[in-house]
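Student: work_17.csv (CSV, C-alpha atoms and all ligand atoms) pasted underneath:
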chain,number,residue,atom,x,y,z
A,3,MET,CA,32.3,-10.0,9.4
A,4,LEU,CA,30.5,-13.3,8.9
A,5,PRO,CA,30.8,-16.0,11.5
A,6,SER,CA,32.5,-19.3,10.8
A,7,ALA,CA,30.5,-22.5,11.0
A,8,GLY,CA,31.9,-23.1,14.5
A,9,GLU,CA,30.5,-19.7,15.7
A,10,ARG,CA,27.1,-20.5,14.3
A,11,GLN,CA,25.0,-20.3,17.4
A,12,ALA,CA,24.5,-17.4,19.7
A,13,PRO,CA,24.2,-18.0,23.5
A,14,GLY,CA,20.8,-19.4,24.2
A,15,VAL,CA,20.2,-21.1,20.9
A,16,ALA,CA,17.8,-23.9,21.2
A,17,LEU,CA,18.5,-25.8,18.1
A,18,VAL,CA,21.2,-25.6,15.5
A,19,PRO,CA,20.4,-26.1,11.9
A,20,GLY,CA,22.1,-29.2,10.6
A,21,GLY,CA,20.8,-31.3,13.5
A,22,ARG,CA,23.1,-30.6,16.4
A,23,GLU,CA,21.3,-29.9,19.7
A,24,VAL,CA,22.6,-27.1,21.8
A,25,ARG,CA,21.7,-27.0,25.5
A,26,MET,CA,20.5,-23.7,26.8
A,27,VAL,CA,22.0,-22.6,30.1
A,28,GLY,CA,19.4,-20.0,30.7
A,29,ARG,CA,17.1,-17.5,29.1
A,30,ILE,CA,17.8,-14.1,27.6
A,31,ARG,CA,16.2,-11.1,29.1
A,32,PRO,CA,15.0,-8.4,26.6
A,33,GLY,CA,18.1,-6.3,27.4
A,34,GLY,CA,20.2,-9.1,26.1
A,35,ARG,CA,21.7,-10.5,29.3
A,36,GLN,CA,21.3,-14.2,29.8
A,37,ALA,CA,19.4,-15.2,32.9
A,38,ARG,CA,20.1,-18.5,34.6
A,39,GLY,CA,17.0,-20.5,35.2
A,40,GLY,CA,15.9,-20.7,38.8
A,41,ARG,CA,15.2,-23.8,40.8
A,42,GLY,CA,12.6,-26.0,39.1
A,43,GLU,CA,12.8,-23.9,35.9
A,44,ARG,CA,13.4,-25.9,32.8
A,45,ALA,CA,15.9,-24.4,30.5
A,46,ARG,CA,14.2,-24.0,27.2
A,47,GLY,CA,15.6,-26.1,24.4
A,48,THR,CA,17.1,-28.9,26.4
A,49,VAL,CA,14.6,-31.3,24.8
A,50,ALA,CA,15.7,-32.4,21.4
A,51,ALA,CA,13.4,-31.1,18.6
A,52,ALA,CA,11.7,-33.6,16.3
A,53,PRO,CA,14.1,-34.7,13.5
A,54,GLU,CA,11.8,-33.2,10.8
A,55,ARG,CA,11.9,-29.8,12.6
A,56,VAL,CA,15.7,-30.0,12.8
A,57,ALA,CA,15.9,-30.9,9.1
A,58,LEU,CA,13.5,-28.0,8.2
A,59,ASN,CA,15.4,-25.5,10.3
A,60,GLY,CA,18.6,-26.6,8.6
A,61,ARG,CA,17.0,-26.0,5.2
A,62,ILE,CA,15.7,-22.6,6.3
A,63,ALA,CA,19.1,-21.6,7.7
A,64,GLU,CA,20.8,-22.7,4.5
A,65,PHE,CA,18.4,-20.8,2.3
A,66,TYR,CA,18.8,-17.5,4.1
A,67,ASP,CA,22.6,-18.0,4.7
A,68,GLU,CA,23.0,-18.3,1.0
A,69,SER,CA,20.4,-15.8,-0.4
A,70,SER,CA,20.3,-12.9,2.1
A,71,GLY,CA,23.4,-11.1,0.7
A,72,LEU,CA,21.9,-11.2,-2.8
A,73,TRP,CA,18.5,-10.0,-1.6
A,74,GLU,CA,20.2,-7.1,0.3
A,75,ASP,CA,22.3,-6.1,-2.8
A,76,VAL,CA,19.3,-6.0,-5.0
A,77,TRP,CA,16.4,-5.1,-2.6
A,78,GLY,CA,18.0,-3.7,0.5
A,79,GLU,CA,17.4,-4.4,4.2
A,80,HIS,CA,13.7,-5.4,4.1
A,81,MET,CA,12.9,-9.0,3.2
A,82,HIS,CA,9.2,-8.7,2.9
A,83,HIS,CA,6.4,-7.5,0.6
A,84,GLY,CA,5.8,-3.9,-0.1
A,85,ILE,CA,2.4,-2.3,-0.1
A,86,TYR,CA,1.1,-0.8,-3.3
A,87,ARG,CA,-2.4,0.6,-2.8
A,88,GLU,CA,-4.2,1.7,-5.9
A,89,ALA,CA,-4.8,5.3,-4.7
A,90,SER,CA,-1.3,5.9,-3.5
A,91,PRO,CA,1.3,7.5,-5.8
A,92,PRO,CA,4.1,5.5,-7.4
A,93,LYS,CA,7.0,4.9,-5.0
A,94,SER,CA,10.3,2.9,-4.8
A,95,HIS,CA,10.1,-0.7,-3.6
A,96,THR,CA,12.0,0.2,-0.5
A,97,ALA,CA,9.4,2.9,0.3
A,98,ALA,CA,6.6,0.4,-0.3
A,99,GLN,CA,8.2,-2.0,2.2
A,100,VAL,CA,8.6,0.7,4.8
A,101,GLU,CA,5.0,1.7,4.2
A,102,MET,CA,4.0,-1.9,4.8
A,103,ILE,CA,5.6,-1.8,8.3
A,104,ASP,CA,4.0,1.6,9.1
A,105,GLU,CA,0.5,0.5,7.8
A,106,VAL,CA,0.7,-2.8,9.7
A,107,LEU,CA,1.5,-0.9,12.9
A,108,LYS,CA,-1.3,1.5,12.3
A,109,TRP,CA,-3.7,-1.3,11.5
A,110,ALA,CA,-2.9,-3.0,14.8
A,111,ASP,CA,-3.2,0.3,16.6
A,112,VAL,CA,0.3,0.2,18.1
A,113,LYS,CA,0.9,3.5,19.9
A,114,ASN,CA,4.0,3.0,22.0
A,115,VAL,CA,6.7,0.3,22.1
A,116,ASN,CA,9.3,-0.2,24.8
A,117,ARG,CA,10.6,-3.6,24.1
A,118,MET,CA,10.1,-5.6,20.9
A,119,VAL,CA,11.0,-9.0,19.7
A,120,ASP,CA,11.4,-9.4,16.0
A,121,VAL,CA,10.6,-13.1,15.4
A,122,GLY,CA,12.2,-14.2,12.1
A,123,CYS,CA,14.1,-10.9,11.9
A,124,GLY,CA,16.0,-11.3,8.6
A,125,ILE,CA,18.7,-8.7,8.6
A,126,GLY,CA,16.8,-6.5,11.0
A,127,GLY,CA,15.1,-4.0,8.7
A,128,SER,CA,11.8,-4.0,10.7
A,129,SER,CA,13.6,-3.7,14.0
A,130,ARG,CA,15.7,-0.7,13.0
A,131,HIS,CA,12.6,1.1,11.5
A,132,ILE,CA,10.6,0.4,14.7
A,133,ILE,CA,13.4,1.3,17.0
A,134,ARG,CA,13.7,4.7,15.3
A,135,LYS,CA,9.9,5.2,15.2
A,136,TYR,CA,9.3,4.5,18.8
A,137,GLY,CA,12.7,4.8,20.5
A,138,CYS,CA,12.3,1.2,21.7
A,139,THR,CA,14.8,-1.7,22.0
A,140,SER,CA,14.5,-4.8,19.8
A,141,THR,CA,15.9,-8.3,20.0
A,142,GLY,CA,15.7,-10.2,16.7
A,143,ILE,CA,15.8,-13.9,16.3
A,144,THR,CA,16.6,-15.8,13.1
A,145,LEU,CA,17.8,-19.3,12.1
A,146,SER,CA,20.4,-17.9,9.9
A,147,ALA,CA,23.8,-17.1,11.4
A,148,VAL,CA,24.7,-15.0,8.4
A,149,GLN,CA,21.5,-12.9,8.9
A,150,ALA,CA,22.1,-12.4,12.6
A,151,ALA,CA,25.7,-11.3,12.0
A,152,ARG,CA,24.7,-8.9,9.2
A,153,ALA,CA,21.8,-7.5,11.2
A,154,ASN,CA,24.1,-6.7,14.1
A,155,GLU,CA,26.7,-5.2,11.7
A,156,ILE,CA,24.2,-2.9,10.0
A,157,THR,CA,22.5,-1.9,13.3
A,158,ALA,CA,25.9,-1.0,14.9
A,159,ALA,CA,26.9,1.0,11.8
A,160,ALA,CA,23.6,2.9,12.0
A,161,GLY,CA,24.4,3.8,15.6
A,162,LEU,CA,21.6,1.7,17.1
A,163,GLY,CA,23.8,-1.1,18.5
A,164,ASP,CA,22.7,-0.3,22.0
A,165,ARG,CA,19.1,-0.7,21.1
A,166,GLY,CA,19.0,-3.6,18.7
A,167,LYS,CA,20.6,-7.1,18.9
A,168,PHE,CA,20.1,-10.2,16.8
A,169,ILE,CA,20.7,-13.8,17.7
A,170,VAL,CA,20.3,-17.2,16.2
A,171,ALA,CA,17.3,-18.8,18.0
A,172,ASP,CA,14.2,-20.9,17.2
A,173,ALA,CA,10.9,-19.1,17.3
A,174,LEU,CA,9.3,-22.3,18.5
A,175,ASP,CA,11.6,-22.4,21.6
A,176,GLN,CA,12.5,-18.8,22.3
A,177,PRO,CA,15.2,-18.1,24.8
A,178,PHE,CA,13.3,-15.3,26.6
A,179,GLU,CA,11.5,-15.0,29.9
A,180,ASP,CA,7.7,-15.0,30.0
A,181,ASN,CA,6.1,-11.5,29.5
A,182,SER,CA,9.2,-9.9,28.1
A,183,PHE,CA,8.0,-7.8,25.2
A,184,ASP,CA,5.2,-5.3,24.6
A,185,LEU,CA,5.5,-5.8,20.8
A,186,VAL,CA,5.9,-9.3,19.4
A,187,TRP,CA,6.5,-8.8,15.7
A,188,SER,CA,6.6,-11.6,13.1
A,189,MET,CA,6.9,-10.2,9.5
A,190,GLU,CA,6.7,-13.0,7.0
A,191,SER,CA,8.2,-15.8,9.1
A,192,GLY,CA,5.1,-17.6,10.3
A,193,GLU,CA,4.9,-19.5,7.0
A,194,HIS,CA,8.2,-21.2,7.9
A,195,MET,CA,6.8,-22.5,11.3
A,196,PRO,CA,6.0,-26.3,11.2
A,197,ASP,CA,3.9,-26.2,14.4
A,198,LYS,CA,1.5,-23.3,14.4
A,199,ARG,CA,0.2,-24.1,17.9
A,200,LYS,CA,3.7,-24.0,19.4
A,201,PHE,CA,4.5,-20.8,17.4
A,202,VAL,CA,1.4,-19.0,18.6
A,203,SER,CA,1.9,-20.2,22.2
A,204,GLU,CA,5.5,-18.9,22.2
A,205,LEU,CA,4.4,-15.5,20.9
A,206,LEU,CA,1.8,-15.4,23.6
A,207,ARG,CA,4.3,-16.5,26.3
A,208,VAL,CA,6.9,-13.9,25.6
A,209,CYS,CA,4.3,-11.1,25.1
A,210,ALA,CA,3.7,-8.9,28.2
A,211,PRO,CA,0.2,-8.4,29.4
A,212,GLY,CA,-1.4,-5.6,27.4
A,213,GLY,CA,1.2,-6.1,24.7
A,214,LYS,CA,0.5,-6.7,21.0
A,215,ILE,CA,1.3,-9.7,18.8
A,216,ILE,CA,1.4,-9.0,15.1
A,217,ILE,CA,1.8,-11.8,12.5
A,218,VAL,CA,2.1,-10.9,8.9
A,219,THR,CA,2.2,-14.2,6.9
A,220,TRP,CA,1.5,-16.1,3.8
A,221,CYS,CA,-1.5,-18.4,4.1
A,222,HIS,CA,-3.6,-20.5,1.8
A,223,ARG,CA,-7.2,-19.5,1.0
A,224,VAL,CA,-9.9,-20.2,3.6
A,225,LEU,CA,-11.7,-23.4,2.6
A,226,ALA,CA,-15.4,-23.2,1.8
A,227,THR,CA,-17.8,-24.9,4.2
A,228,GLU,CA,-18.3,-27.9,2.0
A,229,GLU,CA,-14.6,-28.3,1.3
A,230,LYS,CA,-12.4,-30.6,3.3
A,231,GLU,CA,-9.1,-29.8,1.7
A,232,LEU,CA,-7.4,-27.9,-1.1
A,233,THR,CA,-7.7,-29.3,-4.6
A,234,PRO,CA,-4.8,-31.5,-5.9
A,235,PRO,CA,-3.5,-28.8,-8.3
A,236,GLU,CA,-3.5,-26.3,-5.5
A,237,LYS,CA,-1.6,-28.7,-3.3
A,238,LEU,CA,0.9,-29.3,-6.1
A,239,LEU,CA,1.5,-25.5,-6.5
A,240,LEU,CA,2.0,-25.0,-2.7
A,241,GLY,CA,4.2,-28.0,-2.6
A,242,ALA,CA,6.5,-26.5,-5.2
A,243,VAL,CA,6.7,-23.2,-3.3
A,244,SER,CA,7.4,-25.0,-0.1
A,245,SER,CA,10.2,-27.2,-1.4
A,246,VAL,CA,12.0,-24.1,-2.8
A,247,TYR,CA,11.4,-21.7,0.1
A,248,ALA,CA,11.8,-24.3,2.9
A,249,LEU,CA,8.2,-24.1,4.1
A,250,PRO,CA,6.2,-26.8,6.0
A,251,ASP,CA,2.5,-27.4,5.2
A,252,TRP,CA,0.5,-24.3,4.7
A,253,VAL,CA,-2.5,-23.2,6.8
A,254,SER,CA,-5.3,-20.7,6.3
A,255,ALA,CA,-5.9,-17.6,8.5
A,256,GLU,CA,-8.8,-19.5,10.0
A,257,GLU,CA,-6.4,-22.1,11.4
A,258,TYR,CA,-4.4,-19.3,13.2
A,259,LYS,CA,-7.7,-18.2,14.8
A,260,LYS,CA,-8.3,-21.8,15.9
A,261,GLU,CA,-4.9,-22.0,17.4
A,262,PHE,CA,-5.3,-18.8,19.4
A,263,ALA,CA,-8.8,-20.0,20.4
A,264,ALA,CA,-7.4,-23.3,21.7
A,265,LEU,CA,-5.1,-21.2,23.9
A,266,GLY,CA,-8.0,-19.2,25.3
A,267,ILE,CA,-7.7,-16.1,23.0
A,268,GLN,CA,-10.9,-15.4,21.1
A,269,ASP,CA,-10.3,-11.8,20.1
A,270,VAL,CA,-8.2,-12.2,17.0
A,271,ARG,CA,-8.2,-9.7,14.2
A,272,VAL,CA,-7.5,-11.0,10.8
A,273,GLU,CA,-7.3,-9.1,7.5
A,274,ASP,CA,-6.4,-10.0,3.9
A,275,TRP,CA,-4.1,-7.6,2.2
A,276,THR,CA,-3.4,-9.8,-0.9
A,277,ALA,CA,-4.7,-7.1,-3.3
A,278,ASP,CA,-2.4,-4.5,-1.7
A,279,VAL,CA,0.8,-6.6,-2.4
A,280,ALA,CA,-0.2,-7.8,-5.9
A,281,PRO,CA,2.6,-6.0,-7.8
A,282,PHE,CA,5.4,-7.3,-5.5
A,283,TRP,CA,6.3,-10.6,-7.2
A,284,THR,CA,6.3,-9.0,-10.7
A,285,ALA,CA,8.8,-6.5,-9.3
A,286,VAL,CA,10.9,-9.3,-7.8
A,287,LEU,CA,10.9,-11.1,-11.2
A,288,GLN,CA,11.8,-7.9,-13.0
A,289,SER,CA,14.7,-7.2,-10.5
A,290,ALA,CA,16.0,-10.8,-11.0
A,291,LEU,CA,16.1,-10.2,-14.8
A,292,THR,CA,18.2,-7.0,-14.6
A,293,VAL,CA,22.0,-7.2,-15.2
A,294,LYS,CA,22.5,-6.6,-11.5
A,295,GLY,CA,20.0,-9.3,-10.6
A,296,LEU,CA,21.4,-11.9,-13.0
A,297,ARG,CA,25.0,-11.1,-11.9
A,298,ALA,CA,24.0,-11.5,-8.3
A,299,LEU,CA,22.2,-14.8,-9.0
A,300,MET,CA,25.3,-16.1,-10.8
A,301,SER,CA,27.4,-15.4,-7.6
A,302,VAL,CA,25.2,-17.6,-5.4
A,303,GLY,CA,24.2,-21.3,-5.4
A,304,PRO,CA,21.4,-23.6,-6.5
A,305,THR,CA,19.3,-23.0,-3.4
A,306,THR,CA,18.8,-19.4,-4.5
A,307,TRP,CA,18.5,-20.2,-8.2
A,308,MET,CA,15.5,-22.4,-7.3
A,309,GLY,CA,14.1,-19.5,-5.3
A,310,ALA,CA,14.3,-17.3,-8.4
A,311,LEU,CA,12.6,-20.0,-10.5
A,312,ALA,CA,9.7,-20.2,-8.0
A,313,ILE,CA,8.8,-16.5,-8.5
A,314,PRO,CA,6.3,-17.2,-11.3
A,315,ILE,CA,4.7,-19.9,-9.2
A,316,MET,CA,4.1,-17.4,-6.3
A,317,ARG,CA,2.6,-15.0,-8.8
A,318,LEU,CA,0.3,-17.7,-10.0
A,319,GLY,CA,-0.7,-18.6,-6.4
A,320,TYR,CA,-1.7,-15.0,-5.8
A,321,GLN,CA,-3.5,-14.6,-9.1
A,322,THR,CA,-5.6,-17.7,-8.6
A,323,GLY,CA,-6.6,-16.7,-5.1
A,324,LEU,CA,-4.8,-19.7,-3.6
A,325,ILE,CA,-2.1,-17.7,-1.7
A,326,LYS,CA,-3.2,-15.0,0.7
A,327,PHE,CA,-1.2,-12.3,2.4
A,328,ASN,CA,-2.7,-12.1,5.9
A,329,LEU,CA,-2.4,-9.9,8.9
A,330,ILE,CA,-3.2,-11.3,12.3
A,331,THR,CA,-3.2,-9.4,15.6
A,332,VAL,CA,-4.0,-10.1,19.2
A,333,GLN,CA,-3.7,-8.1,22.4
A,334,LYS,CA,-2.6,-10.1,25.3
B,401,LIG,C1,11.2,-13.8,4.6
B,401,LIG,S1,12.4,-13.6,5.9
B,401,LIG,C2,11.6,-12.2,6.7
B,401,LIG,C3,12.7,-11.4,7.5
B,401,LIG,C4,12.2,-10.2,8.2
B,401,LIG,N1,11.1,-10.4,9.0
B,401,LIG,C5,11.9,-9.1,7.2
B,401,LIG,O1,10.7,-8.8,7.0
B,401,LIG,O2,12.8,-8.4,6.7
B,401,LIG,C6,11.9,-15.0,7.0
B,401,LIG,C7,12.7,-15.0,8.3
B,401,LIG,O3,12.2,-16.0,9.2
B,401,LIG,C8,13.2,-16.7,9.9
B,401,LIG,N2,12.8,-17.9,10.4
B,401,LIG,C9,12.1,-18.9,9.8
B,401,LIG,N3,11.9,-19.9,10.7
B,401,LIG,C10,12.3,-19.5,11.9
B,401,LIG,C11,12.3,-20.1,13.2
B,401,LIG,N4,11.8,-21.3,13.4
B,401,LIG,N5,12.9,-19.4,14.2
B,401,LIG,C12,13.4,-18.2,14.0
B,401,LIG,N6,13.4,-17.6,12.8
B,401,LIG,C13,12.9,-18.2,11.7
B,401,LIG,C14,14.3,-16.8,8.8
B,401,LIG,O4,15.5,-17.1,9.4
B,401,LIG,C15,14.2,-15.4,8.2
B,401,LIG,O5,15.0,-14.5,8.9
Could I get this structure in the form of structure tokens?
Ligand SMILES: C[S@@+](CC[C@H](N)C(=O)[O-])C[C@H]1O[C@@H](n2cnc3c(N)ncnc32)[C@H](O)[C@@H]1O

Tutor:
Amino acid sequence: MLPSAGERQAPGVALVPGGREVRMVGRIRPGGRQARGGRGERARGTVAAAPERVALNGRIAEFYDESSGLWEDVWGEHMHHGIYREASPPKSHTAAQVEMIDEVLKWADVKNVNRMVDVGCGIGGSSRHIIRKYGCTSTGITLSAVQAARANEITAAAGLGDRGKFIVADALDQPFEDNSFDLVWSMESGEHMPDKRKFVSELLRVCAPGGKIIIVTWCHRVLATEEKELTPPEKLLLGAVSSVYALPDWVSAEEYKKEFAALGIQDVRVEDWTADVAPFWTAVLQSALTVKGLRALMSVGPTTWMGALAIPIMRLGYQTGLIKFNLITVQK
């Protein structure tokens, strides 16, 4: 059951897409209960976010509110790239997406998970897979009320309702206590974050000592030493992608490293898996051109149509080496 507009925000929401500010009355503990702030504790989210951030969040929410049903119909529960390594045998796209989660966890050397936060959770595909794999709990946050409702619905139907819950909340102002989670997971949401320093500092804040932060995200290429910025055609291409997929300015993986370093974290592992995901956007294009894909597209609105039109631009971005699929991990 999808929520009505009036039910848009979950308790603890910091900022509602569309511009309304919601005051937090406390923080949410990993188990899902809301904790009242103690004396002297500032309730997160009581300070109005910058108008540009409110506007961007509104566009992100609108994009995913409108397009998530279509994506689920055509592609299923995972809203991220699959992994297609040359040596591995052909597999379904869903299997490639699940393999992505497993390979990322292996790469980051994640052995056990008790409590995870799924930052930018979509409809909860990563959470459910990781809950099953490690027997942990997960709290997912998304800006889309439609996604949060659907994620809770699928998770309950899968019999995991006591382990996974999903709420509308802003990754830049998370309604959680410090040190709450031993796995902080962000699969393809970092590219939406307009303030990378704040993003990274929130991930660090909610991560428990010894816990892992994993960010899998779209970046632009790392600039050469003599370069000051991307070329005008490159900026044009990224601008087109950003306007369609509701993204702020892009950064390179080096800039993530700098943000962590500014917060005192030097040991940041970064890897480029662009080659491993190369077939993904061609597959998305092919799926959009099937009868099912075209029918599904007809049933949604212009925001999603523009998303489909941008698929060739993404392919071009990867082919020219401008867009990178990066993994970043840190142990707190
Ligand atoms: C491409 S989807 C990825 C979904 C999910 N991680 C997956 O792999 O299936 C991007 C997600 O990031 C979320 N997102 C973007 N900006 C956000 C923010 N500031 N706070 C919380 N979630 C955000 C969107 O709502 C959406 O759920």

Student: How many Å separate atom CA of Val202 of chain A from atom CA of Pro250 of chain A?

Tutor: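 Taking atom CA of Val202 of chain A and atom CA of Pro250 of chain A, their separation equals 15.6 Å.
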
Student: Would you mind listing what lies within 12 Å of Ala280 of chain A as a PyMOL selection string, with only C-alpha atoms counted and same-chain residues fewer than 6 positions away left out?

Tutor: chain A and resi 83-88+274+286+316-323+325-327

Student: For Glu101 of chain A, find every residue with an atom within 12 Å (counting only C-alpha atoms), except residues of its own chain fewer than 2 positions away, and show them as a list in words.

Tutor: His80, His82, His83, Gly84, Ile85, Tyr86, Arg87, Ser90, Lys93, Ser94, His95, Thr96, Ala97, Ala98, Gln99, Ile103, Asp104, Glu105, Val106, Leu107, Lys108, Trp109, Ser128, His131, Ile132, Asp278 and Val279 of chain A

Student: Which residue, A:His194, A:Arg117, A:Lys200, A:His222, has the smallest gap to Phe65 of chain A when you use only C-alpha atoms?

Tutor: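 Smallest distance to Phe65 of chain A is found for A:His194.
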
Student: Interatomic distance between atom CA of Asn59 of chain A and atom CA of Ser244 of chain A?

Tutor: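 A separation of 13.1 Å between them.
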
Student: Around ligand LIG 401 (chain B), out to 8 Å and counting only C-alpha atoms and all ligand atoms, which residues are there? I want them as a ChimeraX atom specification.

Tutor: /A:59,62-63,66,79-83,120-128,143-146,149,170-174,188-196

Student: Env of Arg165 of chain A: 10 Å cut, atoms = only C-alpha atoms, seq-sep filter 2 positions within chain, self excluded. Answer as a PyMOL selection string.

Tutor: chain A and resi 33-34+117+129-130+133-134+137-141+157-158+161-163+167

Student: Find the residue from A:Gly71, A:Gly60, A:Gly266, A:Pro211 that sits nearest to Val148 of chain A; use all atoms listed in the file when measuring.

Tutor: A:Gly71

Student: Using all atoms listed in the file, which of the listed residues (A:Val246, A:Val208, A:Ile216, A:Ala147) sits closest to Leu329 of chain A?

Tutor: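 Once distances to Leu329 of chain A are computed over all atoms listed in the file, the minimum belongs to A:Ile216.
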
Student: Give me, please, the distance in Å between atom CA of Glu261 of chain A and atom CA of Ile215 of chain A, quoted to one decimal.

Tutor: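 Computed distance, atom CA of Glu261 of chain A to atom CA of Ile215 of chain A, equals 13.8 Å.
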
Student: Please rebuild segment 150-173 of chain A with N, CA and C atoms and return the result as a PDB file, keeping the file's coordinate frame.

Tutor:
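See rebuild.pdb below for the written result:
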ATOM      1  N   ALA A 150      21.941 -12.994  11.277  1.00  0.00           N
ATOM      2  CA  ALA A 150      22.100 -12.400  12.600  1.00  0.00           C
ATOM      3  C   ALA A 150      23.386 -11.524  12.625  1.00  0.00           C
ATOM      4  N   ALA A 151      24.463 -12.046  12.035  1.00  0.00           N
ATOM      5  CA  ALA A 151      25.700 -11.300  12.000  1.00  0.00           C
ATOM      6  C   ALA A 151      25.561  -9.990  11.218  1.00  0.00           C
ATOM      7  N   ARG A 152      24.920 -10.105  10.067  1.00  0.00           N
ATOM      8  CA  ARG A 152      24.700  -8.900   9.200  1.00  0.00           C
ATOM      9  C   ARG A 152      23.795  -7.910   9.887  1.00  0.00           C
ATOM     10  N   ALA A 153      22.747  -8.411  10.531  1.00  0.00           N
ATOM     11  CA  ALA A 153      21.800  -7.500  11.200  1.00  0.00           C
ATOM     12  C   ALA A 153      22.544  -6.735  12.314  1.00  0.00           C
ATOM     13  N   ASN A 154      23.385  -7.419  13.072  1.00  0.00           N
ATOM     14  CA  ASN A 154      24.100  -6.700  14.100  1.00  0.00           C
ATOM     15  C   ASN A 154      25.106  -5.699  13.526  1.00  0.00           C
ATOM     16  N   GLU A 155      25.711  -6.088  12.393  1.00  0.00           N
ATOM     17  CA  GLU A 155      26.700  -5.200  11.700  1.00  0.00           C
ATOM     18  C   GLU A 155      25.988  -3.904  11.256  1.00  0.00           C
ATOM     19  N   ILE A 156      24.860  -4.061  10.559  1.00  0.00           N
ATOM     20  CA  ILE A 156      24.200  -2.900  10.000  1.00  0.00           C
ATOM     21  C   ILE A 156      23.655  -2.011  11.178  1.00  0.00           C
ATOM     22  N   THR A 157      23.133  -2.671  12.205  1.00  0.00           N
ATOM     23  CA  THR A 157      22.500  -1.900  13.300  1.00  0.00           C
ATOM     24  C   THR A 157      23.614  -1.123  14.063  1.00  0.00           C
ATOM     25  N   ALA A 158      24.774  -1.731  14.252  1.00  0.00           N
ATOM     26  CA  ALA A 158      25.900  -1.000  14.900  1.00  0.00           C
ATOM     27  C   ALA A 158      26.310   0.172  14.022  1.00  0.00           C
ATOM     28  N   ALA A 159      26.437  -0.076  12.711  1.00  0.00           N
ATOM     29  CA  ALA A 159      26.900   1.000  11.800  1.00  0.00           C
ATOM     30  C   ALA A 159      25.858   2.140  11.774  1.00  0.00           C
ATOM     31  N   ALA A 160      24.597   1.829  12.030  1.00  0.00           N
ATOM     32  CA  ALA A 160      23.600   2.900  12.000  1.00  0.00           C
ATOM     33  C   ALA A 160      23.508   3.588  13.400  1.00  0.00           C
ATOM     34  N   GLY A 161      24.383   3.190  14.303  1.00  0.00           N
ATOM     35  CA  GLY A 161      24.400   3.800  15.600  1.00  0.00           C
ATOM     36  C   GLY A 161      23.304   3.353  16.547  1.00  0.00           C
ATOM     37  N   LEU A 162      22.747   2.185  16.236  1.00  0.00           N
ATOM     38  CA  LEU A 162      21.600   1.700  17.100  1.00  0.00           C
ATOM     39  C   LEU A 162      22.035   0.400  17.815  1.00  0.00           C
ATOM     40  N   GLY A 163      23.331   0.168  17.900  1.00  0.00           N
ATOM     41  CA  GLY A 163      23.800  -1.100  18.500  1.00  0.00           C
ATOM     42  C   GLY A 163      23.408  -1.271  19.943  1.00  0.00           C
ATOM     43  N   ASP A 164      23.163  -0.162  20.654  1.00  0.00           N
ATOM     44  CA  ASP A 164      22.700  -0.300  22.000  1.00  0.00           C
ATOM     45  C   ASP A 164      21.241  -0.601  22.152  1.00  0.00           C
ATOM     46  N   ARG A 165      20.533  -0.534  21.035  1.00  0.00           N
ATOM     47  CA  ARG A 165      19.100  -0.700  21.100  1.00  0.00           C
ATOM     48  C   ARG A 165      18.613  -1.979  20.340  1.00  0.00           C
ATOM     49  N   GLY A 166      19.425  -2.461  19.423  1.00  0.00           N
ATOM     50  CA  GLY A 166      19.000  -3.600  18.700  1.00  0.00           C
ATOM     51  C   GLY A 166      20.076  -4.712  18.706  1.00  0.00           C
ATOM     52  N   LYS A 167      19.642  -5.943  19.004  1.00  0.00           N
ATOM     53  CA  LYS A 167      20.600  -7.100  18.900  1.00  0.00           C
ATOM     54  C   LYS A 167      19.890  -8.258  18.288  1.00  0.00           C
ATOM     55  N   PHE A 168      20.685  -9.087  17.646  1.00  0.00           N
ATOM     56  CA  PHE A 168      20.100 -10.200  16.800  1.00  0.00           C
ATOM     57  C   PHE A 168      20.880 -11.454  17.116  1.00  0.00           C
ATOM     58  N   ILE A 169      20.112 -12.505  17.333  1.00  0.00           N
ATOM     59  CA  ILE A 169      20.700 -13.800  17.700  1.00  0.00           C
ATOM     60  C   ILE A 169      20.101 -14.913  16.871  1.00  0.00           C
ATOM     61  N   VAL A 170      20.824 -16.019  16.827  1.00  0.00           N
ATOM     62  CA  VAL A 170      20.300 -17.200  16.200  1.00  0.00           C
ATOM     63  C   VAL A 170      19.458 -17.955  17.277  1.00  0.00           C
ATOM     64  N   ALA A 171      18.192 -18.112  17.042  1.00  0.00           N
ATOM     65  CA  ALA A 171      17.300 -18.800  18.000  1.00  0.00           C
ATOM     66  C   ALA A 171      16.079 -19.275  17.252  1.00  0.00           C
ATOM     67  N   ASP A 172      15.427 -20.286  17.800  1.00  0.00           N
ATOM     68  CA  ASP A 172      14.200 -20.900  17.200  1.00  0.00           C
ATOM     69  C   ASP A 172      12.972 -20.215  17.742  1.00  0.00           C
ATOM     70  N   ALA A 173      12.147 -19.709  16.853  1.00  0.00           N
ATOM     71  CA  ALA A 173      10.900 -19.100  17.300  1.00  0.00           C
ATOM     72  C   ALA A 173       9.986 -20.037  18.038  1.00  0.00           C
TER      73      ALA A 173
END
